[in-house]
Each structure stands twice: as C-alpha cells, then as structure tokens.
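J.: First, the structure itself, so that you have it in front of you.
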Amino acid sequence: MIDPGTGFPTDRASRSTPVARTRDDVVRLAGNAPTLEHLDGRSSVCRACPRLVAWREEVAETKRASFADETYWGRPVTGNGPAKARVVVVGLAPAAHGGNRTGRIFTGDRSGDWLFAALHRAGLANQPTSVSADDGLELLHTRITLPVRCAPPANKPTVGERDTCAQWLAAEWRFLLPTARAVVVLGGFGWQALWPTLRAAGVEVPTPVPAFGHGVEVALPGGLTVLGCFHVSQQNTFTGRLTEPMLDAVFARAKAVAGLSAAT
C-alpha cells in the first residue's frame with residue numbers, strides 16, 4: 001500500500017508497532033511476528049544498529065543535490081513482493097540514495113534499473129523500471145529481500161550489523177519457505193548471509209557452504225534451489241563482468257526450477 005500524500009509505502013510503523021533497539025529485541029520481535037506484514041512493520045522501524053541508524057538519517061537529511069527537493073524515507077527497507085512467491089531474490093542492502101530515499105528495495109538507483117529490466121524480460125515483473133514506491137511496479141511470483149535493511153556507509157555493513165539484521169531475514173524465510181522454490185542470490189555478501197538464515201529457518205544446508213560464483217547452483221532438501229549471480233552493481237554492469245544475457249540466463253533457470261513456464 002502507498003500513502004498518496006508521500007509516495008512512500010504505507011507507514012506500517014504505527015504507534016502500536018514495537019521498536020527494536022537491541023539485538024535481543026530483534027531476535028524477540030522477529031521471532032514472534034505472527035504475519036509477514038507484522039514482520040515488515042517491525043523491521044521498518046528497527047533502531048538496533050546505532051551506526052546504521054545515524055548514517056541512514058544523515059543521508060536523508062543532507063540528501064544528494066539531484067534529489068534535494070525530495071523527502072527521503074531514511075528508515076529500514078523491507079522485502080518487496082508477494083509472500084507466496086516461488087522465486088526469491090536476495091540482495092545486499094538499500095542504496096543510500098536509492099532504497100533509503102524511495103522506501104523500496106532496488107528502487108531509484110542504477111542497480112535497480114538492471115534488476116527490474118531483467119525481471120520484466122523474464123516475466124517476473126509487470127514493468128521494466130522502478131523509480132518510486134508509487135510507480136505501479138508489481139512483482140510476479142517473486143519477492144526481493146535483503147540481509148541488511150539499512151543503507152550502510154560505503155555499502156559495507158559490519159559483521160555485527162549483518163548478524164543482527166539477519167534475524168529479520170531468518171524470520172521472513174519462515175513465511176516464504178512454503179512456496180519458494182528458487183533463490184537468486186546477488187553477490188557474495190548475500191550468499192554468505194543466506195545460509196545461516198536458511199538454517200535458522202529450519203532448512204538443511206550443506207557443510208561446508210559452497211563457494212559463491214556466478215551460475216553456481218545448489219539444490220537443497222525440500223525442493224529449494226539456490227542460484228548464485230553477480231550483483232547488479234555498477235561495478236559489475238559497467239565493466240561487463242555482468243551482462244544482460246548472463247542475468248537473463250540466471251532468471252530463466254530460476255523460473256525453470258521454480259516450475260514457472262517460459263511464457264509466465
């Protein structure tokens with residue numbers, strides 16, 4: 001739901017939403033969230049990592065010159081897409097002037113331009129662009145989520161921040177597991193973050209964890225398949241390390257293992 005007055009996702013952070021201020025709070029509030037909507041609401045007001053809270057709010061206050069007239073979201077960004085998704089995309093964290101500005105993951109930055117164009121070509125999104133939270137984007141059979149929900153300085157969360165925020169992702173997996181069949185992991189950070197969260201959600205994962213690589217495929221008991229993909233960062237797309245055909249091939253494979261027809 002979008003607030004027509006702000007263009008942001010509906011403020012799930014009502015006064016009745018409990019606020020996590022410590023890692024113990026995150027564990028408790030993520031673990032007992034009764035629905036995915038409650039989980040999203042709770043994670044969207046999290047203040048458990050002081051460095052990330054300070055940074056996301058500083059960026060929202062100072063802004064980038066090209067967005068000087070906009071109101072920034074400046075809060076944690078939740079997953080986006082249906083709870084009963086068959087394909088799950090795992091990123092890293094919101095961009096300072098992307099998701100941290102617009103309130104929706106991969107929305108309003110160049111990484112998102114690549115990702116949503118590929119999802120649209122694959123039939124997993126209704127449009128190829130996503131510039132704001134009220135732009136009409138709809139993900140089809142797909143949910144995008146992230147292991148770190150606040151924009152980190154230099155795009156580098158600490159291990160402690162990752163591990164604290166992982167509690168939200170592990171709880172999210174409880175709601176996604178019944179229907180999820182393919183997981184596309186964008187980059188090595190998301191790859192390392194995914195395995196312990198799957199384990200925490202009750203999934204049997206291999207030991208040792210397979211090394212990340214583009215095109216790496218790991219089939220897990222219970223029908224879930226994890227696919228590695230280079231991140232859609234400018235560092236990869238501008239240099240040609242990740243090309244459109246490479247990205248399209250990963251999503252074509254994800255659709256196949258998820259049981260979605262090529263025409264979907």
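Every chain in the structure tokens takes a letter, A first, then B, and so on in the order presented; its residues are numbered from 1, and the ligands are numbered from 1 following the presented order.
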Taking only C-alpha atoms into account, produce a table as a Markdown table in which each residue of range 152-218 of chain A with an atom at most 7 Å from an atom of range 36-49 of chain A appears once, together with its shortest atom pair and the distance in Å to one decimal, ordered by chain and rising number.

T.:
| residue | atom | partner | partner_atom | distance |
| --- | --- | --- | --- | --- |
| A:Glu161 | CA | A:Cys49 | CA | 6.3 |
| A:Trp168 | CA | A:Ser43 | CA | 6.7 |
| A:Glu172 | CA | A:Leu36 | CA | 6.7 |
| A:Phe175 | CA | A:Leu36 | CA | 6.5 |

J.: Would you export the selected residues with C-alpha atoms as a short mmCIF file (atom, residue, chain, number, x, y, z; two decimals), in the first residue's frame, please?

T.:
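Ended up saving to again.cif:
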data_model
loop_
_atom_site.label_atom_id
_atom_site.label_comp_id
_atom_site.auth_asym_id
_atom_site.auth_seq_id
_atom_site.Cartn_x
_atom_site.Cartn_y
_atom_site.Cartn_z
CA GLU A 161 25.28 -5.42 11.80
CA TRP A 168 14.67 -10.30 10.27
CA GLU A 172 10.98 -13.75 6.74
CA PHE A 175 6.78 -17.20 5.66
#

J.: Near range 218-224 of chain A, counting only C-alpha atoms, which residues have an atom at most 12 Å away, once you skip same-chain residues fewer than 4 positions from it, shown as a ChimeraX atom specification?

T.: /A:86-88,173,176-185,191,195,198-199,202-207,209-214,228,254,257-259

J.: Please save N, CA and C atoms of the selected residues as an mmCIF file, in the first residue's frame.

T.:
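Final output, again.cif:
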data_model
loop_
_atom_site.group_PDB
_atom_site.id
_atom_site.type_symbol
_atom_site.label_atom_id
_atom_site.label_comp_id
_atom_site.auth_asym_id
_atom_site.auth_seq_id
_atom_site.Cartn_x
_atom_site.Cartn_y
_atom_site.Cartn_z
ATOM 1 N N ARG A 86 7.407 -17.830 -5.595
ATOM 2 C CA ARG A 86 8.142 -19.037 -5.963
ATOM 3 C C ARG A 86 9.616 -18.727 -6.231
ATOM 4 N N VAL A 87 9.910 -17.477 -6.576
ATOM 5 C CA VAL A 87 11.291 -17.032 -6.780
ATOM 6 C C VAL A 87 11.587 -15.953 -5.746
ATOM 7 N N VAL A 88 12.715 -16.086 -5.048
ATOM 8 C CA VAL A 88 13.148 -15.092 -4.075
ATOM 9 C C VAL A 88 14.500 -14.561 -4.512
ATOM 10 N N TRP A 173 12.012 -15.868 6.146
ATOM 11 C CA TRP A 173 12.041 -17.172 5.470
ATOM 12 C C TRP A 173 10.982 -18.123 6.002
ATOM 13 N N LEU A 176 8.216 -17.510 3.711
ATOM 14 C CA LEU A 176 8.478 -17.743 2.292
ATOM 15 C C LEU A 176 8.659 -19.217 1.946
ATOM 16 N N LEU A 177 9.138 -20.008 2.892
ATOM 17 C CA LEU A 177 9.509 -21.395 2.596
ATOM 18 C C LEU A 177 8.389 -22.260 2.015
ATOM 19 N N PRO A 178 7.137 -22.097 2.426
ATOM 20 C CA PRO A 178 6.108 -22.992 1.890
ATOM 21 C C PRO A 178 5.976 -22.960 0.371
ATOM 22 N N THR A 179 6.284 -21.823 -0.260
ATOM 23 C CA THR A 179 6.104 -21.738 -1.712
ATOM 24 C C THR A 179 7.398 -21.500 -2.475
ATOM 25 N N ALA A 180 8.443 -20.988 -1.824
ATOM 26 C CA ALA A 180 9.688 -20.654 -2.525
ATOM 27 C C ALA A 180 10.348 -21.906 -3.087
ATOM 28 N N ARG A 181 10.800 -21.835 -4.325
ATOM 29 C CA ARG A 181 11.489 -22.950 -4.962
ATOM 30 C C ARG A 181 12.847 -22.553 -5.523
ATOM 31 N N ALA A 182 13.034 -21.275 -5.853
ATOM 32 C CA ALA A 182 14.312 -20.805 -6.398
ATOM 33 C C ALA A 182 14.740 -19.543 -5.667
ATOM 34 N N VAL A 183 16.005 -19.491 -5.293
ATOM 35 C CA VAL A 183 16.572 -18.316 -4.636
ATOM 36 C C VAL A 183 17.727 -17.805 -5.488
ATOM 37 N N VAL A 184 17.612 -16.592 -5.989
ATOM 38 C CA VAL A 184 18.693 -15.964 -6.749
ATOM 39 C C VAL A 184 19.418 -15.019 -5.799
ATOM 40 N N VAL A 185 20.696 -15.318 -5.539
ATOM 41 C CA VAL A 185 21.480 -14.527 -4.596
ATOM 42 C C VAL A 185 22.419 -13.618 -5.376
ATOM 43 N N TRP A 191 25.267 -14.166 -0.437
ATOM 44 C CA TRP A 191 25.493 -15.612 -0.415
ATOM 45 C C TRP A 191 25.914 -16.072 0.982
ATOM 46 N N TRP A 195 22.948 -18.533 4.049
ATOM 47 C CA TRP A 195 22.982 -19.896 4.578
ATOM 48 C C TRP A 195 22.615 -19.979 6.056
ATOM 49 N N LEU A 198 18.847 -19.471 6.386
ATOM 50 C CA LEU A 198 18.082 -20.657 5.994
ATOM 51 C C LEU A 198 18.150 -21.716 7.087
ATOM 52 N N ARG A 199 19.339 -21.902 7.641
ATOM 53 C CA ARG A 199 19.493 -22.889 8.714
ATOM 54 C C ARG A 199 18.616 -22.518 9.907
ATOM 55 N N GLY A 202 15.123 -23.528 9.611
ATOM 56 C CA GLY A 202 14.846 -24.958 9.620
ATOM 57 C C GLY A 202 15.221 -25.707 8.358
ATOM 58 N N VAL A 203 15.938 -25.048 7.441
ATOM 59 C CA VAL A 203 16.349 -25.697 6.197
ATOM 60 C C VAL A 203 17.678 -26.420 6.416
ATOM 61 N N GLU A 204 17.793 -27.630 5.883
ATOM 62 C CA GLU A 204 19.048 -28.371 5.945
ATOM 63 C C GLU A 204 19.990 -27.822 4.884
ATOM 64 N N VAL A 205 21.107 -27.259 5.311
ATOM 65 C CA VAL A 205 22.051 -26.655 4.373
ATOM 66 C C VAL A 205 23.358 -27.432 4.394
ATOM 67 N N PRO A 206 24.111 -27.402 3.303
ATOM 68 C CA PRO A 206 25.350 -28.193 3.219
ATOM 69 C C PRO A 206 26.454 -27.634 4.095
ATOM 70 N N THR A 207 27.338 -28.516 4.525
ATOM 71 C CA THR A 207 28.537 -28.135 5.264
ATOM 72 C C THR A 207 29.733 -28.794 4.600
ATOM 73 N N VAL A 209 29.653 -24.642 3.396
ATOM 74 C CA VAL A 209 28.828 -23.893 2.455
ATOM 75 C C VAL A 209 29.546 -23.821 1.111
ATOM 76 N N PRO A 210 28.864 -24.092 0.004
ATOM 77 C CA PRO A 210 29.500 -23.989 -1.311
ATOM 78 C C PRO A 210 30.020 -22.576 -1.567
ATOM 79 N N ALA A 211 31.127 -22.480 -2.265
ATOM 80 C CA ALA A 211 31.700 -21.174 -2.588
ATOM 81 C C ALA A 211 30.795 -20.428 -3.565
ATOM 82 N N PHE A 212 30.727 -19.108 -3.397
ATOM 83 C CA PHE A 212 29.914 -18.301 -4.297
ATOM 84 C C PHE A 212 30.553 -18.227 -5.674
ATOM 85 N N GLY A 213 29.714 -18.180 -6.678
ATOM 86 C CA GLY A 213 30.156 -17.949 -8.038
ATOM 87 C C GLY A 213 28.944 -17.703 -8.917
ATOM 88 N N HIS A 214 29.140 -16.970 -9.976
ATOM 89 C CA HIS A 214 28.033 -16.737 -10.890
ATOM 90 C C HIS A 214 27.665 -18.051 -11.585
ATOM 91 N N GLY A 228 23.599 -18.702 -7.624
ATOM 92 C CA GLY A 228 24.483 -17.567 -7.469
ATOM 93 C C GLY A 228 24.466 -16.679 -8.700
ATOM 94 N N ALA A 254 16.050 -19.869 -12.849
ATOM 95 C CA ALA A 254 15.229 -19.753 -11.642
ATOM 96 C C ALA A 254 13.780 -20.091 -11.951
ATOM 97 N N VAL A 257 13.459 -23.998 -12.357
ATOM 98 C CA VAL A 257 13.464 -24.791 -11.141
ATOM 99 C C VAL A 257 12.287 -24.448 -10.241
ATOM 100 N N ALA A 258 11.695 -23.258 -10.435
ATOM 101 C CA ALA A 258 10.519 -22.884 -9.662
ATOM 102 C C ALA A 258 9.227 -23.425 -10.255
ATOM 103 N N GLY A 259 9.334 -24.089 -11.406
ATOM 104 C CA GLY A 259 8.150 -24.649 -12.025
ATOM 105 C C GLY A 259 7.284 -23.640 -12.731
#

J.: Taking the backbone alone, and naming residues the way the document does, which bits of range 62-200 of chain A are strand (DSSP E) by DSSP, as a ChimeraX atom specification?

T.: /A:87-90,142-145,182-186

J.: Okay, now the selection with N, CA and C atoms, as a short mmCIF file (atom, residue, chain, number, x, y, z; two decimals), in the first residue's frame?

T.:
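Output file part39.cif follows:
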data_model
loop_
_atom_site.label_atom_id
_atom_site.label_comp_id
_atom_site.auth_asym_id
_atom_site.auth_seq_id
_atom_site.Cartn_x
_atom_site.Cartn_y
_atom_site.Cartn_z
N VAL A 87 9.91 -17.48 -6.58
CA VAL A 87 11.29 -17.03 -6.78
C VAL A 87 11.59 -15.95 -5.75
N VAL A 88 12.71 -16.09 -5.05
CA VAL A 88 13.15 -15.09 -4.08
C VAL A 88 14.50 -14.56 -4.51
N VAL A 89 14.64 -13.24 -4.57
CA VAL A 89 15.90 -12.60 -4.92
C VAL A 89 16.48 -11.99 -3.65
N VAL A 90 17.73 -12.31 -3.36
CA VAL A 90 18.40 -11.81 -2.15
C VAL A 90 19.49 -10.84 -2.57
N THR A 142 7.40 -13.40 -7.41
CA THR A 142 8.76 -13.08 -6.99
C THR A 142 8.75 -12.12 -5.81
N ARG A 143 9.65 -12.36 -4.87
CA ARG A 143 9.86 -11.41 -3.77
C ARG A 143 11.35 -11.08 -3.71
N ILE A 144 11.65 -9.81 -3.53
CA ILE A 144 13.03 -9.36 -3.36
C ILE A 144 13.24 -9.04 -1.88
N THR A 145 14.31 -9.56 -1.32
CA THR A 145 14.60 -9.28 0.08
C THR A 145 16.09 -9.00 0.25
N ALA A 182 13.03 -21.27 -5.85
CA ALA A 182 14.31 -20.81 -6.40
C ALA A 182 14.74 -19.54 -5.67
N VAL A 183 16.01 -19.49 -5.29
CA VAL A 183 16.57 -18.32 -4.64
C VAL A 183 17.73 -17.80 -5.49
N VAL A 184 17.61 -16.59 -5.99
CA VAL A 184 18.69 -15.96 -6.75
C VAL A 184 19.42 -15.02 -5.80
N VAL A 185 20.70 -15.32 -5.54
CA VAL A 185 21.48 -14.53 -4.60
C VAL A 185 22.42 -13.62 -5.38
N LEU A 186 22.28 -12.32 -5.16
CA LEU A 186 23.07 -11.33 -5.89
C LEU A 186 24.33 -10.98 -5.09
#

J.: For range 96-182 of chain A against range 63-72 of chain A, with a cut-off of 7 Å and counting only C-alpha atoms, what is the closest atom pair and its distance in Å to one decimal for every residue that makes the cut, ordered by chain and number, as a Markdown table?

T.:
| residue | atom | partner | partner_atom | distance |
| --- | --- | --- | --- | --- |
| A:Asn100 | CA | A:Tyr72 | CA | 6.7 |
| A:Arg101 | CA | A:Tyr72 | CA | 4.2 |
| A:Thr102 | CA | A:Tyr72 | CA | 6.4 |

J.: I need the residues of range 8-253 of chain A that end up classed as helix (DSSP H, G or I) by DSSP on the backbone, written out as a PyMOL selection string.

T.: chain A and resi 23-31+36-43+50-62+65-67+99-102+110-121+153-155+159-176+188-200+234-237+244-253

J.: Restricting the calculation to only C-alpha atoms: of A:Ala171, A:Leu139, A:Cys165, A:Ala122, which residue gets closest to Ala249 in chain A?

T.: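 Of A:Ala171, A:Leu139, A:Cys165, A:Ala122, the one nearest Ala249 in chain A, counting only C-alpha atoms, is A:Ala122.
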
J.: Could you give me, as a ChimeraX atom specification, the residues within 8 Å of range 148-153 of chain A, counting only C-alpha atoms and dropping anything in the same chain fewer than 3 positions from it?

T.: /A:43,52-53,55-56,75-78,92-96,99-100,156-157,161-162,165-166

J.: Counting only C-alpha atoms, which of A:Pro18, A:Gly81, A:Gly74, A:Gly31 gets nearest to Arg174 in chain A?

T.: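 Using only C-alpha atoms, the shortest distance to Arg174 in chain A belongs to A:Gly31.
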
J.: Which of these, A:His141, A:Arg23, A:Arg121, A:Arg253, has the shortest distance to Pro82 in chain A once you count only C-alpha atoms?

T.: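 Looking at the shortest contact to Pro82 in chain A, the residue is A:His141.
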